[in-house]
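Student: Structure supplied as data08.cif; contents: mmCIF, C-alpha atoms and all ligand atoms.
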```cif
data_entry
#
loop_
_atom_site.label_atom_id
_atom_site.label_comp_id
_atom_site.auth_asym_id
_atom_site.auth_seq_id
_atom_site.Cartn_x
_atom_site.Cartn_y
_atom_site.Cartn_z
CA MET J 1 85.71 164.82 144.16
CA ILE J 2 87.17 162.18 146.37
CA GLN J 3 89.08 159.41 144.65
CA PRO J 4 86.34 156.77 144.15
CA MET J 5 84.28 159.30 142.17
CA GLN J 6 86.75 159.12 139.32
CA HIS J 7 85.29 155.76 138.45
CA LEU J 8 81.86 157.27 137.82
CA TRP J 9 81.35 158.63 134.33
CA ALA J 10 79.13 161.70 134.55
CA PRO J 11 79.28 163.62 131.27
CA TRP J 12 76.61 166.14 132.37
CA ARG J 13 79.26 167.42 134.78
CA MET J 14 80.59 169.24 131.70
CA GLU J 15 77.41 171.36 131.78
CA PHE J 16 78.43 172.45 135.26
CA ILE J 17 82.03 173.07 134.30
CA LYS J 18 81.00 175.09 131.22
CA ALA J 19 77.98 176.85 132.78
CA PRO J 20 78.43 180.56 133.49
CA LYS J 21 78.99 180.91 137.23
CA PRO J 22 76.66 183.28 139.06
CA SER J 23 78.57 186.03 140.82
CA GLY J 24 76.89 185.05 144.07
CA CYS J 25 77.22 181.81 145.97
CA PHE J 26 74.40 179.35 145.26
CA PHE J 27 74.54 177.90 148.78
CA CYS J 28 74.01 181.40 150.19
CA GLU J 29 71.25 182.08 147.63
CA ALA J 30 69.47 178.86 148.62
CA ALA J 31 69.94 179.54 152.33
CA ALA J 32 68.53 183.07 152.00
CA ALA J 33 65.65 182.13 149.68
CA ASP J 34 62.09 181.84 150.93
CA PRO J 35 61.34 178.19 151.82
CA SER J 36 58.36 178.34 149.46
CA ASN J 37 60.96 178.34 146.65
CA ASP J 38 62.82 175.28 147.95
CA ALA J 39 62.00 173.24 144.83
CA THR J 40 63.65 175.89 142.61
CA HIS J 41 66.83 175.74 144.66
CA LEU J 42 66.55 171.94 145.13
CA VAL J 43 66.57 172.44 148.92
CA LEU J 44 65.53 169.14 150.51
CA ALA J 45 65.58 170.14 154.16
CA ARG J 46 66.50 173.03 156.40
CA ALA J 47 67.75 172.83 159.96
CA GLU J 48 68.48 175.87 162.13
CA LEU J 49 72.05 176.51 160.90
CA THR J 50 72.43 174.13 157.95
CA LEU J 51 70.59 172.87 154.88
CA VAL J 52 70.60 169.96 152.40
CA ILE J 53 70.55 170.55 148.63
CA LEU J 54 70.18 168.01 145.83
CA ASN J 55 73.16 168.35 143.46
CA ARG J 56 71.98 169.63 140.06
CA TYR J 57 75.02 168.02 138.41
CA PRO J 58 75.14 164.73 140.32
CA TYR J 59 77.78 162.03 140.26
CA ASN J 60 75.00 159.58 140.94
CA ASN J 61 71.25 159.54 141.57
CA GLY J 62 70.49 161.14 144.96
CA HIS J 63 73.80 163.04 145.24
CA LEU J 64 73.21 165.53 148.08
CA MET J 65 75.21 168.32 149.64
CA VAL J 66 74.94 169.36 153.29
CA ALA J 67 76.15 172.90 154.00
CA PRO J 68 76.06 175.57 156.69
CA ASN J 69 73.80 178.55 156.02
CA ALA J 70 76.78 180.82 156.72
CA HIS J 71 79.31 181.50 153.96
CA LEU J 72 82.36 179.83 155.51
CA ALA J 73 85.11 178.17 153.48
CA ASP J 74 86.70 175.83 155.98
CA LEU J 75 85.26 173.07 158.12
CA GLU J 76 87.63 173.93 160.97
CA ASP J 77 86.14 177.43 161.13
CA LEU J 78 82.56 176.29 161.70
CA PRO J 79 81.25 177.19 165.16
CA ALA J 80 80.69 174.03 167.23
CA GLY J 81 76.91 174.31 167.02
CA THR J 82 77.03 174.52 163.21
CA ALA J 83 79.50 171.64 162.96
CA ASN J 84 77.32 169.46 165.18
CA GLU J 85 74.25 170.27 163.14
CA LEU J 86 76.14 169.52 159.90
CA THR J 87 76.89 166.06 161.24
CA ALA J 88 73.31 165.54 162.43
CA LEU J 89 71.90 166.62 159.06
CA THR J 90 74.37 164.32 157.27
CA GLN J 91 73.12 161.44 159.45
CA ARG J 92 69.52 162.33 158.59
CA SER J 93 70.47 162.47 154.89
CA LEU J 94 71.92 158.96 155.09
CA ARG J 95 68.74 157.67 156.76
CA VAL J 96 66.50 159.29 154.14
CA LEU J 97 68.62 158.06 151.22
CA ARG J 98 68.66 154.54 152.63
CA GLU J 99 64.89 154.50 152.94
CA VAL J 100 64.04 156.22 149.64
CA LEU J 101 66.72 154.93 147.25
CA ALA J 102 68.05 151.82 149.03
CA PRO J 103 71.72 152.33 148.10
CA GLN J 104 74.28 149.67 149.01
CA GLY J 105 76.91 152.18 150.10
CA PHE J 106 77.89 155.85 150.17
CA ASN J 107 80.79 158.11 149.39
CA LEU J 108 81.00 160.97 151.87
CA GLY J 109 83.46 163.78 151.51
CA ILE J 110 84.45 167.40 151.51
CA ASN J 111 86.65 168.86 148.79
CA ALA J 112 88.53 171.58 150.64
CA GLY J 113 89.92 174.11 148.15
CA LYS J 114 89.86 174.38 144.35
CA VAL J 115 93.02 172.29 144.05
CA ALA J 116 91.12 169.44 145.77
CA GLY J 117 88.26 169.67 143.27
CA ALA J 118 85.80 171.95 145.05
CA GLY J 119 83.30 173.50 142.60
CA VAL J 120 82.34 176.11 145.20
CA ALA J 121 85.54 176.45 147.21
CA ASP J 122 84.54 179.27 149.52
CA HIS J 123 81.38 177.71 151.01
CA VAL J 124 82.14 174.39 152.67
CA HIS J 125 79.80 171.50 151.79
CA GLN J 126 79.69 167.82 152.61
CA HIS J 127 78.94 165.56 149.61
CA VAL J 128 76.75 162.51 150.19
CA VAL J 129 76.80 160.19 147.16
CA PRO J 130 74.75 156.97 147.23
CA ARG J 131 76.37 153.96 145.54
CA TRP J 132 74.98 150.78 144.05
CA GLU J 133 76.87 147.80 142.80
CA GLY J 134 77.36 148.29 139.05
CA ASP J 135 76.48 152.01 139.11
CA THR J 136 79.62 152.80 137.17
CA ASN J 137 78.12 150.77 134.32
CA PHE J 138 74.60 152.11 134.75
CA MET J 139 75.28 155.83 134.69
CA PRO J 140 76.27 156.16 130.99
CA VAL J 141 72.85 154.74 130.10
CA VAL J 142 71.06 157.66 131.76
CA ALA J 143 73.57 160.26 130.65
CA GLN J 144 71.30 162.10 128.23
CA ALA J 145 70.40 165.55 129.55
CA LYS J 146 66.63 165.09 129.13
CA VAL J 147 66.64 161.86 131.07
CA LEU J 148 68.78 163.46 133.74
CA ASN J 149 66.42 166.43 134.18
CA GLU J 150 63.41 164.16 134.51
CA SER J 151 65.21 161.97 136.99
CA LEU J 152 66.38 165.05 138.93
CA THR J 153 62.80 166.30 139.34
CA LYS J 154 61.62 162.84 140.33
CA SER J 155 64.50 162.40 142.78
CA TYR J 156 63.76 165.80 144.30
CA ARG J 157 60.08 164.96 144.86
CA GLU J 158 60.83 161.53 146.36
CA LEU J 159 63.66 162.73 148.58
CA ARG J 160 61.82 165.86 149.74
CA ALA J 161 58.95 163.60 150.83
CA GLY J 162 61.49 161.40 152.62
CA PHE J 163 63.03 164.35 154.48
CA ASP J 164 59.58 165.61 155.46
CA ARG J 165 58.67 162.13 156.71
CA LEU J 166 61.93 161.49 158.61
CA ALA J 167 62.17 164.93 160.20
ZN ZN X 201 78.02 181.01 150.36
#
```
Starting from the coordinates I provided, produce the structure as structure tokens.
Tutor:
Amino acid sequence: MIQPMQHLWAPWRMEFIKAPKPSGCFFCEAAAADPSNDATHLVLARAELTLVILNRYPYNNGHLMVAPNAHLADLEDLPAGTANELTALTQRSLRVLREVLAPQGFNLGINAGKVAGAGVADHVHQHVVPRWEGDTNFMPVVAQAKVLNESLTKSYRELRAGFDRLA
């Protein structure tokens, strides 16, 4: 993750690091899945060429990822239409997060390549991480897995409603 993330303590990230990786790409799986299963894949919104997914192993509450539907590794290889839509969907994500979670700031970034910290290096995705003053102190309090799962479900419901409202 980009540098400021190192200040956030997110022990459930170990679940992600230790979890068996599916042979497929979960962005592609989510993109190809029937929209009626969006909650299973944590898909918050779909545009024509891109989609937004809530991060199952978040650095902070409301940590989203915006990705193209196509399995492309590098931002510079996105067709112009896809790149434009990625930006537009990132803007929409910021608007929804501001309205639903009222963060005081954001970290935005793309980890290009494994060496740069990409968990899924071969399918480019833009991280959108809401930030609140003091969140580096708050996160250890909610670090138990049960609490995280409940808050993930709640965040999904609230944010999905926000994306549907601010279409
Ligand atoms: Zn993919």
Student: Go ahead and fit an axis-aligned box to every listed atom of stretch 97-104 of chain J plus 6 Å each side, and pass me the centre and edge lengths in Å, one decimal, as JSON.
Tutor:
```
{"center_x": 69.2, "center_y": 153.9, "center_z": 150.1, "size_x": 22.2, "size_y": 20.4, "size_z": 17.7}
```
Student: Using all atoms listed in the file, pick whichever of J:Leu75, J:Ala67, J:Val115, J:Ala161 has the shortest atom-to-atom distance to ligand ZN 201 (chain X).
Tutor: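 Comparing J:Leu75, J:Ala67, J:Val115, J:Ala161 against ligand ZN 201 (chain X), the winner is J:Ala67.
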Student: Of the candidates J:Ser155, J:Ser93, J:Thr87, J:Thr50, which shows the shortest atom-to-atom distance to J:Ala167, using all atoms listed in the file?
Tutor: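 Distance minimum relative to J:Ala167 lands on J:Ser93.
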Student: Quick one: residues within 12 Å of ligand ZN 201 (chain X), with only C-alpha atoms and all ligand atoms, as a PyMOL selection string?
Tutor: chain J and resi 22-32+50-51+67-74+120-125
Student: Measure the distance from atom CA of J:Pro35 to atom CA of J:Val66 in Å and round it to one decimal.
Tutor: 16.3 Å
Student: Show which residues sit within 9 Å of J:Leu108, as a list of chain:residue names. Count only C-alpha atoms, and ignore same-chain residues fewer than 5 positions away.
Tutor: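 Here the answer would be J:Ile2, J:Gln126, J:His127, J:Val128, J:Val129, J:Pro130.
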Student: Quick check, in Å to one decimal: how far apart do atom CA of J:His63 and atom CA of J:Glu48 lie?
Tutor: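 Atom CA of J:Glu48 lies 21.9 Å from atom CA of J:His63.
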